[in-house]
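Inspection log for the structure reproduced underneath, given as structure tokens.
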Amino acid sequence: ASLCSHCVKSANEVMSDDQLNSALNLMRRMPPTNVENSLAGLIELVPQLQDDLLNHVDQPLKVERDTKTDRDFVLCDYNRDGDSYRSPWSNEYFTSDPDGGEIEDGFVPSQRLRDMEIEANELFDVYRGLYFDGGTSSAYFFDTDEKDDGSSFGACFLIHKDVENDKTLDKGWWDSIHVFEVTAGAAKGQFNYKLTTTVMVSMGLNNGDVGEVDLSGSMTQQDTKRLPMDPASRPHIANLGKMLEDMELRTRNGIEGIYIQKTREIINGMRSASGAKEKEWAKIANSLSGKNA
């Protein structure tokens, strides 16, 4: 009987893994603009996968207001406790739910990580202003080990920017999610930095030339480096910032080449807004008609 129950349990686990893989493959093919509705539909179909789906699927970022410092901050799983979110500016929790209320005993990082978090947010805010000319940025640091010996920690850097409407752009936004995992290396003063970056972009176009177009997509990349760290000359913040800047530039170029340029080639190949191709085909048809006459 125990053998049969073990077989049934193993079969259920395999089926659950297959369902999760299928659901994640489906979500990767859905546009970021519909990810929330798509995710809600999948959870309704397979409610037993709710926790796994919420942990694995990146959703468009949202912004909340820190009423204590009068500054905006980005919401994510790394600053969430229940229905409330911790602001990196005041280190206090806030919620947009009128019935939720603010919590006073939520999770906060250790003092060592909080000091790095404060510095990272000030520097990242300057980075956001230089590269994005607007938007909202936040950085969150958290312990990944029970021992607070400085050997390992995690960090999440986020940027959300809404694009202003103009004559052709109805709506648009850019989301950057950078998650670091930092562990001590084998040699003294060496640390391993693992970075996972996800960028989601969406643009809704509507004009007479191309009609109504929803251009959206996402890209995820990883990078791992072993770098020296010295609190005085080369702190963790310097290593994290350099990796983040290089990765975001590489990801941005990849998105521009894959989504924007390729889409432009396809649209131009199917339809010419100026009518130049139609004129060329007309010339060819007239030439053929003249020769056959």
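By order in the structure tokens, chains are A, B, ...; within a chain, residues start at 1; ligands start at 1, following the order shown.
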*Taking the DSSP assignment computed from this structure's backbone, write out as a PyMOL selection string all residues of range 87-275 of chain A that belong to strand (DSSP E).*
chain A and resi 93-94+136-142+152-162+169-184+190-207+211-228
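By chain and then residue number, the residues within 9 Å of Ile177 in chain A are Asp58, Leu61, Cys156, Phe157, Leu158, Ile159, His160, Thr196, Thr197, Thr198, Val199 and Met200 of chain A, counting only C-alpha atoms and disregarding those fewer than 3 positions away in sequence.
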Take the residues that were just selected and, keeping N, CA, C and O atoms, output them as a compact mmCIF listing (two decimals), in the first residue's frame.
```txt
# COMPACT_ATOMS: atom_id res chain seq x y z
N ASP A 58 6.92 37.53 -13.78
CA ASP A 58 7.12 38.95 -13.53
C ASP A 58 5.93 39.72 -14.05
O ASP A 58 5.53 39.59 -15.21
N LEU A 61 5.30 46.57 -13.05
CA LEU A 61 5.54 47.20 -11.76
C LEU A 61 4.50 48.29 -11.47
O LEU A 61 3.99 48.93 -12.38
N CYS A 156 17.57 44.01 -4.85
CA CYS A 156 16.68 44.16 -6.01
C CYS A 156 16.60 45.64 -6.38
O CYS A 156 16.29 46.49 -5.53
N PHE A 157 16.92 45.94 -7.64
CA PHE A 157 16.87 47.30 -8.16
C PHE A 157 15.75 47.37 -9.20
O PHE A 157 15.69 46.53 -10.11
N LEU A 158 14.88 48.37 -9.07
CA LEU A 158 13.70 48.46 -9.93
C LEU A 158 13.56 49.86 -10.52
O LEU A 158 13.83 50.86 -9.84
N ILE A 159 13.13 49.91 -11.77
CA ILE A 159 12.81 51.18 -12.43
C ILE A 159 11.48 51.01 -13.17
O ILE A 159 11.29 50.04 -13.90
N HIS A 160 10.59 51.96 -12.96
CA HIS A 160 9.33 52.00 -13.70
C HIS A 160 9.16 53.39 -14.29
O HIS A 160 9.31 54.40 -13.59
N THR A 196 20.20 38.64 -12.23
CA THR A 196 19.11 38.25 -13.13
C THR A 196 18.31 39.50 -13.46
O THR A 196 17.75 40.14 -12.57
N THR A 197 18.28 39.85 -14.74
CA THR A 197 17.61 41.08 -15.19
C THR A 197 16.43 40.74 -16.09
O THR A 197 16.56 39.93 -17.01
N THR A 198 15.31 41.35 -15.80
CA THR A 198 14.13 41.25 -16.65
C THR A 198 13.68 42.65 -17.03
O THR A 198 13.51 43.51 -16.16
N VAL A 199 13.52 42.88 -18.32
CA VAL A 199 13.04 44.17 -18.82
C VAL A 199 11.75 43.92 -19.58
O VAL A 199 11.69 43.05 -20.45
N MET A 200 10.73 44.67 -19.24
CA MET A 200 9.44 44.60 -19.93
C MET A 200 9.13 45.97 -20.52
O MET A 200 9.28 46.99 -19.85
```
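Of the residues listed (A:Asp230, A:Asp166, A:Asp70, A:Glu212), A:Asp230 shows the shortest atom-to-atom separation from Lys188 in chain A; distances use only C-alpha atoms.
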*From a DSSP pass on the backbone, collect the residues of range 18-249 of chain A flagged as alpha helix (DSSP H) and hand them back as a ChimeraX atom specification.*
/A:18-28,35-45,50-56,111-132,236-249
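Using only C-alpha atoms, the nearest neighbour of Gly189 in chain A within the list A:Ser110, A:Ser138, A:Ser233, A:Thr95 is A:Ser233.
If you count only C-alpha atoms and ignore residues fewer than 2 places along the chain from range 112-121 of chain A, what sits within 7 Å of it is Pro109, Ser110, Leu123, Phe124, Asp125, Ser138, Ala139, Tyr140, Phe141, Phe142 and Ile237 of chain A.
Checking A:Ser176, A:Val46, A:Thr183, A:Met27 one by one against Thr144 in chain A, counting only C-alpha atoms, you find the shortest gap at A:Thr183.
Considering the residues A:Thr224, A:Lys62, A:Lys262, A:Leu75 and counting only C-alpha atoms, Trp174 in chain A has its shortest atom-to-atom contact with A:Lys62.
Atom to atom, CA of Asp66 in chain A and CA of Arg86 in chain A stand 8.9 Å apart.
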*When you draw a straight line from CA of Ala155 in chain A to CA of Leu42 in chain A, how long is it in Å?*
29.2 Å
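Distance-wise, CA of Asn192 in chain A and CA of Thr220 in chain A end up 19.8 Å apart.
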